[in-house]
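Below is data_1.txt, holding compact mmCIF, C-alpha atoms.
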```txt
# COMPACT_ATOMS: atom_id res chain seq x y z
CA MET A 1361 92.04 108.61 99.23
CA PHE A 1362 95.51 107.75 100.43
CA HIS A 1363 98.61 109.66 100.78
CA SER A 1364 101.73 109.23 98.78
CA LEU A 1365 105.14 110.79 99.23
CA THR A 1366 107.59 112.38 96.91
CA ILE A 1367 111.37 112.36 96.62
CA VAL A 1368 112.72 115.48 94.94
CA SER A 1369 116.24 115.60 93.55
CA LEU A 1370 116.81 112.16 95.07
CA LEU A 1371 115.70 113.28 98.53
CA ALA A 1372 112.99 111.36 100.35
CA GLY A 1373 109.58 112.89 100.74
CA TYR A 1374 106.98 111.17 102.84
CA ALA A 1375 103.35 110.28 102.70
CA CYS A 1376 102.01 112.05 105.73
CA TRP A 1377 103.57 115.48 105.50
CA GLY A 1378 104.72 115.95 101.92
CA ILE A 1379 107.44 118.18 103.35
CA VAL A 1380 109.88 117.85 100.47
CA GLY A 1381 109.11 119.70 97.26
CA SER A 1382 105.78 121.03 96.10
CA PRO A 1383 102.56 119.87 97.75
CA SER A 1384 101.19 116.75 96.09
CA LEU A 1385 97.94 116.93 94.21
CA PRO A 1386 94.91 115.38 95.89
CA ILE A 1387 93.98 111.93 94.65
CA PHE A 1388 90.96 109.68 94.60
CA GLY A 1389 89.99 106.07 94.18
CA GLY A 1390 89.49 104.69 97.66
CA THR A 1391 86.12 103.56 98.92
CA GLU A 1392 84.73 104.03 102.40
CA ALA A 1393 85.67 101.05 104.54
CA PRO A 1394 82.84 99.14 106.26
CA GLN A 1395 82.63 99.63 110.01
CA GLY A 1396 84.98 97.24 111.77
CA ALA A 1397 86.71 96.18 108.55
CA ALA A 1398 90.16 97.17 109.86
CA PRO A 1399 90.04 96.95 113.69
CA TYR A 1400 93.84 97.13 113.78
CA GLN A 1401 93.95 100.55 112.07
CA VAL A 1402 94.65 103.59 114.26
CA SER A 1403 94.80 107.33 113.76
CA LEU A 1404 97.78 109.24 115.16
CA GLN A 1405 96.52 112.59 116.38
CA GLU A 1406 97.81 115.99 117.45
CA ARG A 1407 95.04 118.56 117.04
CA GLY A 1408 93.60 116.10 114.52
CA HIS A 1409 94.76 113.20 112.37
CA PHE A 1410 98.26 113.32 110.89
CA CYS A 1411 99.31 109.70 110.23
CA GLY A 1412 98.13 106.12 110.42
CA GLY A 1413 99.38 103.10 112.31
CA SER A 1414 98.51 99.55 113.28
CA ILE A 1415 97.99 97.72 116.57
CA VAL A 1416 100.63 95.02 117.05
CA ASP A 1417 100.21 94.42 120.80
CA GLU A 1418 98.07 95.65 123.66
CA ARG A 1419 100.34 98.66 124.29
CA TRP A 1420 102.11 98.95 120.94
CA ILE A 1421 101.43 100.78 117.69
CA LEU A 1422 103.52 100.35 114.55
CA THR A 1423 103.94 103.38 112.28
CA ALA A 1424 106.41 105.19 110.00
CA ARG A 1425 109.44 106.87 111.57
CA HIS A 1426 108.99 110.06 109.58
CA CYS A 1427 105.56 110.53 111.16
CA ILE A 1428 107.04 111.05 114.61
CA ALA A 1429 110.54 112.34 113.86
CA LYS A 1430 109.88 115.76 115.37
CA TYR A 1431 108.76 114.46 118.76
CA ASN A 1432 110.80 113.86 121.91
CA ARG A 1433 111.01 110.11 122.34
CA HIS A 1434 110.53 110.23 126.11
CA LEU A 1435 108.01 113.09 126.26
CA PRO A 1436 105.50 112.48 123.46
CA LYS A 1437 102.84 114.35 125.41
CA ASN A 1438 101.20 115.85 122.34
CA ILE A 1439 100.42 112.56 120.60
CA SER A 1440 97.37 110.39 121.11
CA VAL A 1441 96.19 107.29 119.29
CA LEU A 1442 92.54 106.91 118.30
CA VAL A 1443 91.25 103.32 118.02
CA GLY A 1444 87.94 101.57 117.43
CA THR A 1445 86.33 103.90 114.90
CA ASN A 1446 86.25 104.54 111.17
CA ASP A 1447 85.71 108.26 111.80
CA ASN A 1448 88.86 110.06 112.92
CA ARG A 1449 86.86 112.95 114.38
CA LYS A 1450 84.39 111.11 116.55
CA GLY A 1451 83.76 107.80 118.25
CA GLY A 1452 86.35 105.31 119.36
CA THR A 1453 88.77 105.74 122.26
CA LYS A 1454 91.91 107.83 122.56
CA TYR A 1455 95.03 106.57 124.29
CA LEU A 1456 98.04 108.64 125.26
CA VAL A 1457 101.51 107.71 124.01
CA ASP A 1458 104.21 107.54 126.66
CA ARG A 1459 107.20 106.42 124.61
CA ILE A 1460 108.43 106.64 121.01
CA LEU A 1461 111.00 104.17 119.72
CA ALA A 1462 112.26 104.62 116.18
CA TYR A 1463 114.54 102.33 114.25
CA GLY A 1464 117.86 104.17 114.05
CA ARG A 1465 118.09 107.88 114.76
CA MET A 1466 114.74 109.56 115.30
CA ASN A 1467 115.49 112.49 113.01
CA ALA A 1468 117.42 110.55 110.37
CA SER A 1469 117.07 112.27 107.00
CA SER A 1470 117.36 109.06 104.99
CA ALA A 1471 114.23 107.33 103.78
CA LYS A 1472 115.78 104.02 104.78
CA ASP A 1473 114.37 102.21 107.85
CA ASP A 1474 111.14 104.20 107.94
CA ILE A 1475 109.59 102.40 110.90
CA ALA A 1476 108.82 103.18 114.55
CA LEU A 1477 106.91 101.87 117.55
CA LEU A 1478 104.71 103.90 119.89
CA ARG A 1479 104.08 102.63 123.41
CA LEU A 1480 100.72 103.51 124.92
CA ALA A 1481 100.44 104.76 128.48
CA SER A 1482 97.81 102.11 129.22
CA PRO A 1483 96.83 98.82 127.57
CA LEU A 1484 94.18 98.76 124.89
CA LYS A 1485 90.82 97.22 125.60
CA PHE A 1486 90.40 94.71 122.81
CA GLY A 1487 86.99 94.04 121.31
CA LYS A 1488 85.18 93.66 118.01
CA ARG A 1489 86.54 96.97 116.69
CA VAL A 1490 89.91 97.00 118.44
CA ARG A 1491 92.23 94.13 117.57
CA LYS A 1492 95.89 93.60 116.92
CA ILE A 1493 97.17 92.36 113.59
CA LYS A 1494 99.91 89.82 112.99
CA TYR A 1495 102.61 90.54 110.48
CA SER A 1496 103.75 88.05 107.89
CA ALA A 1497 107.12 87.04 106.50
CA ALA A 1498 105.55 84.95 103.75
CA PHE A 1499 106.74 85.28 100.16
CA ILE A 1500 104.43 87.64 98.29
CA PRO A 1501 104.03 86.83 94.59
CA ASP A 1502 104.53 89.52 91.99
CA ASN A 1503 101.19 91.21 91.20
CA ALA A 1504 99.57 89.88 94.38
CA THR A 1505 96.71 92.07 95.62
CA LEU A 1506 97.27 93.91 98.91
CA THR A 1507 94.75 96.02 100.83
CA VAL A 1508 95.64 99.39 102.33
CA THR A 1509 93.49 101.53 104.60
CA GLY A 1510 93.91 105.11 105.74
CA TRP A 1511 92.63 108.63 106.17
CA GLY A 1512 94.89 110.29 103.62
CA ARG A 1513 93.95 113.08 101.27
CA ALA A 1514 91.29 112.39 98.64
CA GLN A 1515 90.31 114.41 95.60
CA SER A 1516 86.76 114.90 96.79
CA ASP A 1517 87.76 115.72 100.36
CA ASP A 1518 91.10 117.20 101.38
CA ARG A 1519 91.11 115.10 104.53
CA PRO A 1520 88.26 112.57 104.63
CA ASN A 1521 87.33 111.72 108.19
CA LYS A 1522 85.91 108.33 107.16
CA LEU A 1523 88.40 105.50 106.76
CA GLN A 1524 89.14 104.64 103.14
CA THR A 1525 90.28 101.34 101.64
CA LEU A 1526 92.01 100.51 98.37
CA GLU A 1527 93.50 97.45 96.68
CA VAL A 1528 97.01 97.77 95.24
CA ARG A 1529 99.35 95.34 93.47
CA HIS A 1530 102.70 94.10 94.68
CA VAL A 1531 105.61 94.99 92.37
CA ALA A 1532 108.50 92.54 92.71
CA LEU A 1533 111.74 94.18 93.83
CA HIS A 1534 113.60 93.60 90.55
CA ARG A 1535 110.78 95.19 88.54
CA CYS A 1536 110.48 98.08 90.97
CA ARG A 1537 114.20 98.81 90.72
CA ALA A 1538 114.10 98.62 86.93
CA ILE A 1539 111.26 101.16 86.79
CA TYR A 1540 113.19 103.64 88.91
CA ALA A 1541 116.50 102.94 87.17
CA LYS A 1542 114.94 104.56 84.10
CA GLU A 1543 113.55 107.51 86.07
CA ILE A 1544 116.47 108.23 88.40
CA ALA A 1545 119.31 106.00 87.27
CA SER A 1546 121.73 106.74 90.10
CA ASN A 1547 119.29 106.04 92.91
CA TRP A 1548 117.46 102.83 92.15
CA THR A 1549 119.65 100.81 94.53
CA SER A 1550 118.11 102.73 97.45
CA ILE A 1551 115.22 100.30 97.11
CA GLY A 1552 116.39 97.42 99.30
CA GLU A 1553 115.26 94.20 100.94
CA GLU A 1554 113.68 96.29 103.69
CA ASN A 1555 111.21 97.66 101.15
CA LEU A 1556 108.10 96.37 99.41
CA CYS A 1557 106.85 98.08 96.27
CA THR A 1558 103.19 98.56 95.39
CA VAL A 1559 101.25 100.27 92.65
CA SER A 1560 97.57 101.00 92.10
CA ARG A 1561 95.76 99.25 89.29
CA LYS A 1562 95.54 102.47 87.33
CA LYS A 1563 96.97 105.97 87.44
CA GLY A 1564 95.02 108.31 89.69
CA LEU A 1565 94.44 105.83 92.48
CA GLY A 1566 96.70 105.50 95.48
CA THR A 1567 97.89 106.66 98.86
CA CYS A 1568 98.43 110.32 99.68
CA HIS A 1569 99.24 112.75 102.53
CA GLY A 1570 97.90 111.39 105.82
CA ASP A 1571 98.26 107.69 104.96
CA SER A 1572 101.86 107.31 106.14
CA GLY A 1573 102.31 104.55 108.69
CA SER A 1574 99.06 102.84 107.73
CA PRO A 1575 99.09 99.06 107.30
CA MET A 1576 99.20 97.15 104.03
CA VAL A 1577 97.60 93.73 104.39
CA TRP A 1578 97.85 90.47 102.47
CA LYS A 1579 95.84 87.38 103.40
CA GLY A 1580 94.76 88.96 106.67
CA GLN A 1581 98.26 89.82 107.92
CA GLN A 1582 100.30 93.01 107.72
CA VAL A 1583 103.18 92.87 105.27
CA ALA A 1584 104.14 96.55 105.00
CA LEU A 1585 103.37 100.08 106.10
CA VAL A 1586 102.92 103.13 103.89
CA SER A 1587 106.16 105.05 103.49
CA ARG A 1588 107.24 106.94 100.34
CA ASN A 1589 107.41 107.51 96.60
CA MET A 1590 110.54 108.35 94.62
CA VAL A 1591 109.45 110.78 91.94
CA ASN A 1592 108.21 114.35 92.12
CA LYS A 1593 104.96 113.65 90.31
CA GLY A 1594 102.44 113.93 93.12
CA CYS A 1595 100.10 111.34 94.59
CA ALA A 1596 98.96 108.37 92.51
CA SER A 1597 101.33 109.16 89.65
CA GLY A 1598 101.42 105.58 88.38
CA TYR A 1599 104.92 104.93 89.76
CA PRO A 1600 105.37 102.29 92.47
CA HIS A 1601 105.27 103.40 96.08
CA ILE A 1602 108.18 102.25 98.23
CA GLU A 1603 106.72 100.81 101.42
CA THR A 1604 108.46 99.54 104.57
CA ARG A 1605 108.45 95.72 104.67
CA VAL A 1606 107.53 94.85 108.25
CA ALA A 1607 108.99 91.33 108.38
CA PHE A 1608 112.47 92.73 107.70
CA TYR A 1609 112.29 94.37 111.14
CA HIS A 1610 110.89 91.37 113.02
CA ASP A 1611 113.81 91.06 115.45
CA TRP A 1612 113.86 94.79 116.18
CA ILE A 1613 110.10 94.87 116.83
CA ARG A 1614 110.27 91.85 119.14
CA LYS A 1615 113.30 93.09 121.10
CA THR A 1616 112.01 96.66 121.37
CA ILE A 1617 108.70 95.53 122.85
CA ALA A 1618 110.42 93.09 125.22
CA ASN A 1619 112.94 95.72 126.41
CA ASN A 1620 110.26 98.35 127.06
CA SER A 1621 107.69 96.35 128.96
CA ASP A 1622 108.25 98.26 132.22
```

Could you render the structure from this file as structure tokens?
Amino acid sequence: MFHSLTIVSLLAGYACWGIVGSPSLPIFGGTEAPQGAAPYQVSLQERGHFCGGSIVDERWILTARHCIAKYNRHLPKNISVLVGTNDNRKGGTKYLVDRILAYGRMNASSAKDDIALLRLASPLKFGKRVRKIKYSAAFIPDNATLTVTGWGRAQSDDRPNKLQTLEVRHVALHRCRAIYAKEIASNWTSIGEENLCTVSRKKGLGTCHGDSGSPMVWKGQQVALVSRNMVNKGCASGYPHIETRVAFYHDWIRKTIANNSD
């Protein structure tokens, strides 16, 4: 179902492109989401779907920085955002993007701060299948169940065009670091307060290429977005995924939207 990312030789690989190292194996385990189940979910498109995102305001989409790193921030003419449909090839409405605003440098090679905002050229028309989602700064208990949606690669379909959904578990930061300290001892500290770790309930289920930027939801609010993995073992390897914790960037999100409301 979903896409995961790989870091090879301590370099960051990402969920949507898998550009570092060998291509990840396809995975499975998601189920088709009911129509309208995630009205905040969007598909980023350029000749087809390439990443996910979430609606956080009438002109604003939240996604992963690595999804849009190759684009010119002021001339994102090749990107559109599809909303209001579970099928990324038909239905819904497409909106053009007129501005890209990444946290830090657009083309930063580090996996840190993997978050960006896309401004739409015109406001969204909200309705039953197009809604914004709030993000939460609430404490998330270890092993809490989060829901992720996306159009990432699945074992049965290289790129399913129907939105998939999957439940994953939160892995507390200290446990997540300990797991990676054993795998890559010198790099576990790269997992910081800006991250949130998740793992599927069993090996073989998880996010994969095409899910990057998609929202992770707890109690009806977004708590993270799909970002990366830290081992070269392919999608759904059983190791925690290192997501971007949205609340950590609250001030940046608020100020960026306010400063680009022209």

Please produce, as a Markdown table, a per-residue contact table for range 1447-1551 of chain A versus range 1568-1589 of chain A (criterion: any atom at most 12 Å away, all atoms listed in the file considered), showing the nearest atom pair and its distance in Å to one decimal, sorted by chain then residue number.
```
| residue | atom | partner | partner_atom | distance |
| --- | --- | --- | --- | --- |
| A:Asn1448 | CA | A:Gly1570 | CA | 11.6 |
| A:Ser1470 | CA | A:Arg1588 | CA | 11.3 |
| A:Ala1471 | CA | A:Arg1588 | CA | 7.8 |
| A:Lys1472 | CA | A:Ser1587 | CA | 9.8 |
| A:Asp1473 | CA | A:Ser1587 | CA | 9.7 |
| A:Asp1474 | CA | A:Ser1587 | CA | 6.7 |
| A:Ile1475 | CA | A:Gly1573 | CA | 7.9 |
| A:Ala1476 | CA | A:Gly1573 | CA | 8.9 |
| A:Leu1477 | CA | A:Gly1573 | CA | 10.3 |
| A:Leu1478 | CA | A:Gly1573 | CA | 11.5 |
| A:Lys1492 | CA | A:Gln1581 | CA | 10.0 |
| A:Ile1493 | CA | A:Gln1581 | CA | 6.3 |
| A:Lys1494 | CA | A:Gln1581 | CA | 5.3 |
| A:Tyr1495 | CA | A:Gln1582 | CA | 4.4 |
| A:Ser1496 | CA | A:Val1583 | CA | 5.5 |
| A:Ala1497 | CA | A:Val1583 | CA | 7.1 |
| A:Ala1498 | CA | A:Val1583 | CA | 8.4 |
| A:Phe1499 | CA | A:Val1583 | CA | 9.8 |
| A:Ile1500 | CA | A:Trp1578 | CA | 8.3 |
| A:Pro1501 | CA | A:Trp1578 | CA | 10.7 |
| A:Asn1503 | CA | A:Trp1578 | CA | 11.8 |
| A:Ala1504 | CA | A:Trp1578 | CA | 8.3 |
| A:Thr1505 | CA | A:Trp1578 | CA | 7.1 |
| A:Leu1506 | CA | A:Trp1578 | CA | 5.0 |
| A:Thr1507 | CA | A:Val1577 | CA | 5.1 |
| A:Val1508 | CA | A:Met1576 | CA | 4.5 |
| A:Thr1509 | CA | A:Ser1574 | CA | 6.5 |
| A:Gly1510 | CA | A:Asp1571 | CA | 5.1 |
| A:Trp1511 | CA | A:Asp1571 | CA | 5.8 |
| A:Gly1512 | CA | A:Gly1570 | CA | 3.9 |
| A:Arg1513 | CA | A:His1569 | CA | 5.4 |
| A:Ala1514 | CA | A:Cys1568 | CA | 7.5 |
| A:Gln1515 | CA | A:Cys1568 | CA | 10.0 |
| A:Asp1517 | CA | A:Cys1568 | CA | 12.0 |
| A:Asp1518 | CA | A:His1569 | CA | 9.3 |
| A:Arg1519 | CA | A:Gly1570 | CA | 7.8 |
| A:Pro1520 | CA | A:Gly1570 | CA | 9.8 |
| A:Asn1521 | CA | A:Gly1570 | CA | 10.8 |
| A:Leu1523 | CA | A:Asp1571 | CA | 10.3 |
| A:Gln1524 | CA | A:Asp1571 | CA | 9.8 |
| A:Thr1525 | CA | A:Met1576 | CA | 10.1 |
| A:Leu1526 | CA | A:Met1576 | CA | 9.7 |
| A:Glu1527 | CA | A:Met1576 | CA | 9.3 |
| A:Val1528 | CA | A:Met1576 | CA | 9.1 |
| A:Arg1529 | CA | A:Trp1578 | CA | 10.3 |
| A:His1530 | CA | A:Trp1578 | CA | 9.9 |
| A:Cys1536 | CA | A:Asn1589 | CA | 11.4 |
| A:Tyr1540 | CA | A:Asn1589 | CA | 10.4 |
| A:Trp1548 | CA | A:Asn1589 | CA | 11.9 |
| A:Ser1550 | CA | A:Asn1589 | CA | 11.7 |
| A:Ile1551 | CA | A:Asn1589 | CA | 10.6 |
```

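Taking CA of Trp1612 in chain A and CA of Leu1480 in chain A as endpoints, the distance between them is 18.0 Å.
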
- Query: Mind pulling up the distance from CA of Leu1556 in chain A to CA of Ile1602 in chain A?
  - Reply: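 So the answer is 6.0 Å.
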
- Query: From the list A:Lys1454, A:Leu1461, A:Gly1412, A:Leu1533, which residue is nearest Thr1616 in chain A when using all atoms listed in the file?
  - Reply: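 The closest residue to Thr1616 in chain A is A:Leu1461.
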
- Query: Around (108.0, 99.9, 128.6) in the file's frame, which residues reach within 10 Å when counting only C-alpha atoms? Return as an MDAnalysis selection string?
  - Reply: chainID A and resid 1419:1420 1458:1459 1479:1481 1616:1622

- Message: Between CA of Asp1417 in chain A and CA of Leu1484 in chain A, what distance in Å does the model show, to one decimal?
- Response: 8.5 Å

- Task: Have a look at A:Gln1401, A:Pro1436, A:Ala1424, A:Gly1552 and name the one nearest to Arg1489 in chain A; count only C-alpha atoms.
- Result: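 Of A:Gln1401, A:Pro1436, A:Ala1424, A:Gly1552, the one nearest Arg1489 in chain A, counting only C-alpha atoms, is A:Gln1401.
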
- Between A:Asn1438, A:Thr1391, A:Ser1482, A:Gln1405, which one has atoms that come closest to Leu1565 in chain A, using only C-alpha atoms?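 That would be A:Thr1391, the residue with the smallest distance to Leu1565 in chain A.
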
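Around the point (83.5, 99.3, 108.7), within 9 Å and counting all atoms listed in the file, we find these residues: A:Glu1392, A:Ala1393, A:Pro1394, A:Gln1395, A:Gly1396, A:Ala1397, A:Ala1398, A:Pro1399, A:Thr1445, A:Asn1446, A:Arg1489, A:Leu1523.
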
Using only C-alpha atoms, please write the residues we just selected to a file, as an mmCIF file, keeping the file's coordinate frame.
```cif
data_model
loop_
_atom_site.group_PDB
_atom_site.id
_atom_site.type_symbol
_atom_site.label_atom_id
_atom_site.label_comp_id
_atom_site.auth_asym_id
_atom_site.auth_seq_id
_atom_site.Cartn_x
_atom_site.Cartn_y
_atom_site.Cartn_z
ATOM 1 C CA GLU A 1392 84.730 104.030 102.400
ATOM 2 C CA ALA A 1393 85.670 101.050 104.540
ATOM 3 C CA PRO A 1394 82.840 99.140 106.260
ATOM 4 C CA GLN A 1395 82.630 99.630 110.010
ATOM 5 C CA GLY A 1396 84.980 97.240 111.770
ATOM 6 C CA ALA A 1397 86.710 96.180 108.550
ATOM 7 C CA ALA A 1398 90.160 97.170 109.860
ATOM 8 C CA PRO A 1399 90.040 96.950 113.690
ATOM 9 C CA THR A 1445 86.330 103.900 114.900
ATOM 10 C CA ASN A 1446 86.250 104.540 111.170
ATOM 11 C CA ARG A 1489 86.540 96.970 116.690
ATOM 12 C CA LEU A 1523 88.400 105.500 106.760
#
```

With C-alpha atoms as the atom set, please write range 1416-1518 of chain A from the structure just given, as a PDB file, in the first residue's frame.
```pdb
ATOM      1  CA  VAL A1416      -4.557  22.733   6.178  1.00  0.00           C
ATOM      2  CA  ASP A1417      -6.304  25.876   4.882  1.00  0.00           C
ATOM      3  CA  GLU A1418      -8.352  26.973   1.896  1.00  0.00           C
ATOM      4  CA  ARG A1419      -5.234  27.716  -0.184  1.00  0.00           C
ATOM      5  CA  TRP A1420      -2.635  25.620   1.623  1.00  0.00           C
ATOM      6  CA  ILE A1421      -1.373  22.055   1.310  1.00  0.00           C
ATOM      7  CA  LEU A1422       1.100  20.481   3.730  1.00  0.00           C
ATOM      8  CA  THR A1423       3.545  17.925   2.332  1.00  0.00           C
ATOM      9  CA  ALA A1424       7.127  16.630   2.606  1.00  0.00           C
ATOM     10  CA  ARG A1425       9.968  18.885   1.459  1.00  0.00           C
ATOM     11  CA  HIS A1426      11.686  16.109  -0.471  1.00  0.00           C
ATOM     12  CA  CYS A1427       8.583  15.743  -2.655  1.00  0.00           C
ATOM     13  CA  ILE A1428       9.034  19.194  -4.151  1.00  0.00           C
ATOM     14  CA  ALA A1429      12.773  19.814  -3.797  1.00  0.00           C
ATOM     15  CA  LYS A1430      13.380  19.840  -7.545  1.00  0.00           C
ATOM     16  CA  TYR A1431      10.835  22.550  -8.321  1.00  0.00           C
ATOM     17  CA  ASN A1432      11.309  26.306  -8.575  1.00  0.00           C
ATOM     18  CA  ARG A1433       9.589  27.804  -5.550  1.00  0.00           C
ATOM     19  CA  HIS A1434       8.126  30.740  -7.480  1.00  0.00           C
ATOM     20  CA  LEU A1435       7.331  28.915 -10.738  1.00  0.00           C
ATOM     21  CA  PRO A1436       5.794  25.568  -9.776  1.00  0.00           C
ATOM     22  CA  LYS A1437       3.883  25.480 -13.052  1.00  0.00           C
ATOM     23  CA  ASN A1438       4.141  21.721 -13.460  1.00  0.00           C
ATOM     24  CA  ILE A1439       2.460  20.802 -10.171  1.00  0.00           C
ATOM     25  CA  SER A1440      -1.247  20.433  -9.542  1.00  0.00           C
ATOM     26  CA  VAL A1441      -3.146  19.213  -6.506  1.00  0.00           C
ATOM     27  CA  LEU A1442      -6.062  16.807  -6.896  1.00  0.00           C
ATOM     28  CA  VAL A1443      -8.732  16.962  -4.175  1.00  0.00           C
ATOM     29  CA  GLY A1444     -12.128  15.433  -3.486  1.00  0.00           C
ATOM     30  CA  THR A1445     -11.617  11.917  -4.825  1.00  0.00           C
ATOM     31  CA  ASN A1446     -10.274   8.546  -3.725  1.00  0.00           C
ATOM     32  CA  ASP A1447      -9.164   7.806  -7.293  1.00  0.00           C
ATOM     33  CA  ASN A1448      -6.033   9.705  -8.307  1.00  0.00           C
ATOM     34  CA  ARG A1449      -6.765   9.222 -12.010  1.00  0.00           C
ATOM     35  CA  LYS A1450     -10.336  10.438 -12.210  1.00  0.00           C
ATOM     36  CA  GLY A1451     -12.921  12.496 -10.393  1.00  0.00           C
ATOM     37  CA  GLY A1452     -12.271  15.307  -7.979  1.00  0.00           C
ATOM     38  CA  THR A1453     -10.915  18.744  -8.872  1.00  0.00           C
ATOM     39  CA  LYS A1454      -7.413  19.856  -9.766  1.00  0.00           C
ATOM     40  CA  TYR A1455      -5.932  23.097  -8.489  1.00  0.00           C
ATOM     41  CA  LEU A1456      -2.739  24.728  -9.710  1.00  0.00           C
ATOM     42  CA  VAL A1457       0.071  25.522  -7.286  1.00  0.00           C
ATOM     43  CA  ASP A1458       1.449  29.042  -7.462  1.00  0.00           C
ATOM     44  CA  ARG A1459       4.015  28.996  -4.667  1.00  0.00           C
ATOM     45  CA  ILE A1460       6.212  26.458  -2.867  1.00  0.00           C
ATOM     46  CA  LEU A1461       7.567  27.224   0.588  1.00  0.00           C
ATOM     47  CA  ALA A1462       9.885  24.691   2.178  1.00  0.00           C
ATOM     48  CA  TYR A1463      11.271  24.736   5.683  1.00  0.00           C
ATOM     49  CA  GLY A1464      14.954  25.585   5.274  1.00  0.00           C
ATOM     50  CA  ARG A1465      16.680  25.262   1.913  1.00  0.00           C
ATOM     51  CA  MET A1466      14.524  23.719  -0.793  1.00  0.00           C
ATOM     52  CA  ASN A1467      17.208  21.318  -1.987  1.00  0.00           C
ATOM     53  CA  ALA A1468      18.686  20.510   1.426  1.00  0.00           C
ATOM     54  CA  SER A1469      20.209  17.030   1.368  1.00  0.00           C
ATOM     55  CA  SER A1470      19.537  16.352   5.043  1.00  0.00           C
ATOM     56  CA  ALA A1471      16.478  14.368   6.048  1.00  0.00           C
ATOM     57  CA  LYS A1472      15.914  16.835   8.867  1.00  0.00           C
ATOM     58  CA  ASP A1473      12.982  19.277   8.571  1.00  0.00           C
ATOM     59  CA  ASP A1474      11.199  17.326   5.848  1.00  0.00           C
ATOM     60  CA  ILE A1475       8.187  19.611   5.546  1.00  0.00           C
ATOM     61  CA  ALA A1476       6.832  22.130   3.026  1.00  0.00           C
ATOM     62  CA  LEU A1477       3.736  24.149   2.186  1.00  0.00           C
ATOM     63  CA  LEU A1478       2.161  24.560  -1.243  1.00  0.00           C
ATOM     64  CA  ARG A1479       0.001  27.595  -1.949  1.00  0.00           C
ATOM     65  CA  LEU A1480      -2.827  27.085  -4.413  1.00  0.00           C
ATOM     66  CA  ALA A1481      -3.531  29.624  -7.138  1.00  0.00           C
ATOM     67  CA  SER A1482      -7.182  29.768  -6.072  1.00  0.00           C
ATOM     68  CA  PRO A1483      -9.057  28.831  -2.890  1.00  0.00           C
ATOM     69  CA  LEU A1484     -10.488  25.371  -2.479  1.00  0.00           C
ATOM     70  CA  LYS A1485     -14.214  24.858  -2.569  1.00  0.00           C
ATOM     71  CA  PHE A1486     -14.917  22.999   0.644  1.00  0.00           C
ATOM     72  CA  GLY A1487     -17.618  20.352   0.805  1.00  0.00           C
ATOM     73  CA  LYS A1488     -18.318  16.843   2.020  1.00  0.00           C
ATOM     74  CA  ARG A1489     -15.238  15.432   0.257  1.00  0.00           C
ATOM     75  CA  VAL A1490     -12.947  18.445   0.514  1.00  0.00           C
ATOM     76  CA  ARG A1491     -12.106  19.569   4.040  1.00  0.00           C
ATOM     77  CA  LYS A1492      -9.120  20.846   5.928  1.00  0.00           C
ATOM     78  CA  ILE A1493      -7.649  18.963   8.849  1.00  0.00           C
ATOM     79  CA  LYS A1494      -6.396  20.410  12.112  1.00  0.00           C
ATOM     80  CA  TYR A1495      -3.064  19.329  13.481  1.00  0.00           C
ATOM     81  CA  SER A1496      -2.518  18.352  17.074  1.00  0.00           C
ATOM     82  CA  ALA A1497       0.225  19.000  19.606  1.00  0.00           C
ATOM     83  CA  ALA A1498      -1.249  16.530  22.084  1.00  0.00           C
ATOM     84  CA  PHE A1499       0.965  13.960  23.781  1.00  0.00           C
ATOM     85  CA  ILE A1500       0.709  10.664  21.907  1.00  0.00           C
ATOM     86  CA  PRO A1501       1.099   7.576  24.107  1.00  0.00           C
ATOM     87  CA  ASP A1502       3.556   4.870  23.161  1.00  0.00           C
ATOM     88  CA  ASN A1503       1.812   2.204  21.040  1.00  0.00           C
ATOM     89  CA  ALA A1504      -1.110   4.514  20.227  1.00  0.00           C
ATOM     90  CA  THR A1505      -2.820   3.649  16.941  1.00  0.00           C
ATOM     91  CA  LEU A1506      -2.476   6.171  14.115  1.00  0.00           C
ATOM     92  CA  THR A1507      -4.145   6.062  10.701  1.00  0.00           C
ATOM     93  CA  VAL A1508      -2.266   6.805   7.488  1.00  0.00           C
ATOM     94  CA  THR A1509      -3.727   7.148   4.000  1.00  0.00           C
ATOM     95  CA  GLY A1510      -2.027   7.319   0.633  1.00  0.00           C
ATOM     96  CA  TRP A1511      -1.570   6.126  -2.924  1.00  0.00           C
ATOM     97  CA  GLY A1512       1.850   4.552  -2.464  1.00  0.00           C
ATOM     98  CA  ARG A1513       3.087   1.363  -4.055  1.00  0.00           C
ATOM     99  CA  ALA A1514       1.330  -1.885  -3.144  1.00  0.00           C
ATOM    100  CA  GLN A1515       2.374  -5.463  -3.797  1.00  0.00           C
ATOM    101  CA  SER A1516      -0.702  -6.216  -5.853  1.00  0.00           C
ATOM    102  CA  ASP A1517      -0.548  -2.969  -7.812  1.00  0.00           C
ATOM    103  CA  ASP A1518       2.620  -0.979  -8.454  1.00  0.00           C
TER     104      ASP A1518
END
```
